[in-house]
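S.K.: Pasting in a structure now, in structure tokens, and then I'll have a few things to ask.
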Amino acid sequence: MEGLIGGELVTVAAGGPELDGIVYDVPSPTKVVVAVVDPARGPVLRTVHPRTLAERAEEGADDHALRLLLRRTPPAVHGGARAGGSMGHGRAGHTRASGHRTTGK
């Protein structure tokens, strides 16, 4: 599937039974985070490859529970820890390494 955006209704077919899902986030061209209902655990977020997704037009029986999961999940933040320098350099009070600690001689 091309051009996935958050909130799209999809069907996930990743080696097991087909599950109805809702796209939560697309962090990269090879990863899509989808909310699905796991038969054993209930509504969960799963990372899948875009090739395992197919669009669906109709609302499913579990879509209300999936939307509640998406509503209480914090928004995805891209480029946090690996961003290089866009986020600053740590906390302001810790600008240099700690000095040598003596043994109390």
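If you're wondering about the labels, chains in the structure tokens are A, B, ... by order shown, residues count from 1 in each chain, ligands from 1 in order shown.
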Please produce, as CSV, a per-residue contact table for region 1-22 of chain A versus region 67-71 of chain A (criterion: any atom at most 12 Å away, only C-alpha atoms considered), showing the nearest atom pair and its distance in Å to one decimal, sorted by chain then residue number.

M.R.:
```
residue,atom,partner,partner_atom,distance
A:Gly6,CA,A:Leu70,CA,9.9
A:Gly7,CA,A:Arg67,CA,8.6
A:Glu8,CA,A:Arg67,CA,11.1
A:Leu9,CA,A:Arg67,CA,10.7
A:Gly21,CA,A:Arg67,CA,9.7
A:Ile22,CA,A:Arg67,CA,7.9
```

S.K.: Using the selection just defined, write its residues with all heavy atoms as an mmCIF file, in the first residue's frame.

M.R.:
```cif
data_model
loop_
_atom_site.group_PDB
_atom_site.id
_atom_site.type_symbol
_atom_site.label_atom_id
_atom_site.label_comp_id
_atom_site.auth_asym_id
_atom_site.auth_seq_id
_atom_site.Cartn_x
_atom_site.Cartn_y
_atom_site.Cartn_z
ATOM 1 N N GLY A 6 -2.126 8.041 9.340
ATOM 2 C CA GLY A 6 -2.750 7.623 10.579
ATOM 3 C C GLY A 6 -4.260 7.679 10.507
ATOM 4 O O GLY A 6 -4.839 8.586 9.925
ATOM 5 N N GLY A 7 -4.914 6.676 11.077
ATOM 6 C CA GLY A 7 -6.369 6.629 11.093
ATOM 7 C C GLY A 7 -6.995 5.817 9.985
ATOM 8 O O GLY A 7 -8.208 5.612 9.988
ATOM 9 N N GLU A 8 -6.211 5.328 9.027
ATOM 10 C CA GLU A 8 -6.765 4.535 7.934
ATOM 11 C C GLU A 8 -7.175 3.158 8.429
ATOM 12 O O GLU A 8 -6.492 2.549 9.251
ATOM 13 C CB GLU A 8 -5.747 4.361 6.812
ATOM 14 C CG GLU A 8 -5.648 5.522 5.889
ATOM 15 C CD GLU A 8 -4.825 5.193 4.652
ATOM 16 O OE1 GLU A 8 -5.263 4.335 3.870
ATOM 17 O OE2 GLU A 8 -3.761 5.800 4.506
ATOM 18 N N LEU A 9 -8.269 2.650 7.895
ATOM 19 C CA LEU A 9 -8.732 1.309 8.207
ATOM 20 C C LEU A 9 -8.004 0.319 7.309
ATOM 21 O O LEU A 9 -7.966 0.496 6.086
ATOM 22 C CB LEU A 9 -10.241 1.194 7.983
ATOM 23 C CG LEU A 9 -11.123 2.133 8.796
ATOM 24 C CD1 LEU A 9 -12.575 1.970 8.394
ATOM 25 C CD2 LEU A 9 -10.947 1.883 10.274
ATOM 26 N N GLY A 21 -7.512 -3.622 11.529
ATOM 27 C CA GLY A 21 -6.667 -2.698 12.266
ATOM 28 C C GLY A 21 -6.852 -1.274 11.808
ATOM 29 O O GLY A 21 -7.549 -0.992 10.829
ATOM 30 N N ILE A 22 -6.214 -0.374 12.565
ATOM 31 C CA ILE A 22 -6.209 1.050 12.240
ATOM 32 C C ILE A 22 -4.760 1.517 12.282
ATOM 33 O O ILE A 22 -4.043 1.226 13.244
ATOM 34 C CB ILE A 22 -7.054 1.862 13.237
ATOM 35 C CG1 ILE A 22 -8.507 1.385 13.223
ATOM 36 C CG2 ILE A 22 -6.982 3.350 12.913
ATOM 37 C CD1 ILE A 22 -9.385 2.059 14.256
#
```

S.K.: Quick one: pick out all strand (DSSP E or B) residues within region 29-63 of chain A from a backbone DSSP run and write them as a list in words.

M.R.: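 Reading the DSSP output for region 29-63 of chain A, strand (DSSP E or B) covers Lys31, Val32, Val33, Val34, Ala35, Val36, Val37, Asp38, Gly42, Pro43, Val44, Leu45, Arg46, Thr47, Val48, Leu53, Ala54 and Glu55 of chain A.
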
S.K.: Here is a test: counting only C-alpha atoms, which residue of A:Arg72, A:Val77, A:Asp25, A:Val32 is nearest to Thr52 (chain A)?

M.R.: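 Of the candidates, the smallest distance to Thr52 (chain A) is held by A:Val32.
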
S.K.: So that I can check the surroundings of Val37 (chain A), please list as a VMD selection string every protein, DNA and RNA residue that reaches within 12 Å of it, counting only C-alpha atoms and ignoring chain neighbours fewer than 2 positions away.

M.R.: chain A and resid 11 to 12 17 to 22 34 to 35 39 to 46 60 to 69

S.K.: From the DSSP assignment of the backbone, select every residue of chain A that is alpha helix (DSSP H), and format the answer as JSON, numbers by chain.

M.R.: {"A": [63, 64, 65, 66, 67, 68, 69, 70, 71, 72]}

S.K.: Mind dumping the selected residues with N, CA and C atoms as a tab-separated table (two decimals), in the first residue's frame?

M.R.:
```
chain	number	residue	atom	x	y	z
A	63	ASP	N	-13.42	-1.80	15.98
A	63	ASP	CA	-12.87	-0.48	15.70
A	63	ASP	C	-13.05	0.50	16.86
A	64	HIS	N	-14.12	0.39	17.61
A	64	HIS	CA	-14.31	1.29	18.75
A	64	HIS	C	-13.21	1.08	19.79
A	65	ALA	N	-12.89	-0.16	20.10
A	65	ALA	CA	-11.82	-0.46	21.07
A	65	ALA	C	-10.47	0.00	20.54
A	66	LEU	N	-10.24	-0.13	19.24
A	66	LEU	CA	-8.97	0.31	18.66
A	66	LEU	C	-8.85	1.83	18.71
A	67	ARG	N	-9.93	2.54	18.46
A	67	ARG	CA	-9.89	4.00	18.53
A	67	ARG	C	-9.65	4.48	19.96
A	68	LEU	N	-10.19	3.77	20.96
A	68	LEU	CA	-9.92	4.12	22.35
A	68	LEU	C	-8.44	3.90	22.68
A	69	LEU	N	-7.84	2.83	22.15
A	69	LEU	CA	-6.41	2.59	22.36
A	69	LEU	C	-5.59	3.72	21.74
A	70	LEU	N	-5.93	4.13	20.53
A	70	LEU	CA	-5.19	5.20	19.86
A	70	LEU	C	-5.36	6.52	20.59
A	71	ARG	N	-6.51	6.76	21.18
A	71	ARG	CA	-6.74	8.01	21.88
A	71	ARG	C	-5.90	8.12	23.15
A	72	ARG	N	-5.69	6.99	23.86
A	72	ARG	CA	-4.92	7.06	25.11
A	72	ARG	C	-3.43	6.83	24.92
```

S.K.: Between A:Val26, A:Glu2, A:Val36, A:Pro74, which is the closest to Ala54 (chain A) once you count only C-alpha atoms?

M.R.: A:Glu2

S.K.: So how far away is CA of Val10 (chain A) from CA of Val33 (chain A), in Å?

M.R.: 11.4 Å

S.K.: Enter the distance from CA of Thr47 (chain A) to CA of Ala14 (chain A), in Å, rounded to one decimal.

M.R.: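 Calculated distance between CA of Thr47 (chain A) and CA of Ala14 (chain A) is 10.5 Å.
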
S.K.: Could you please determine the separation between CA of Pro29 (chain A) and CA of Leu53 (chain A) in Å, to one decimal place?

M.R.: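 That distance, rounded to one decimal, is 13.0 Å.
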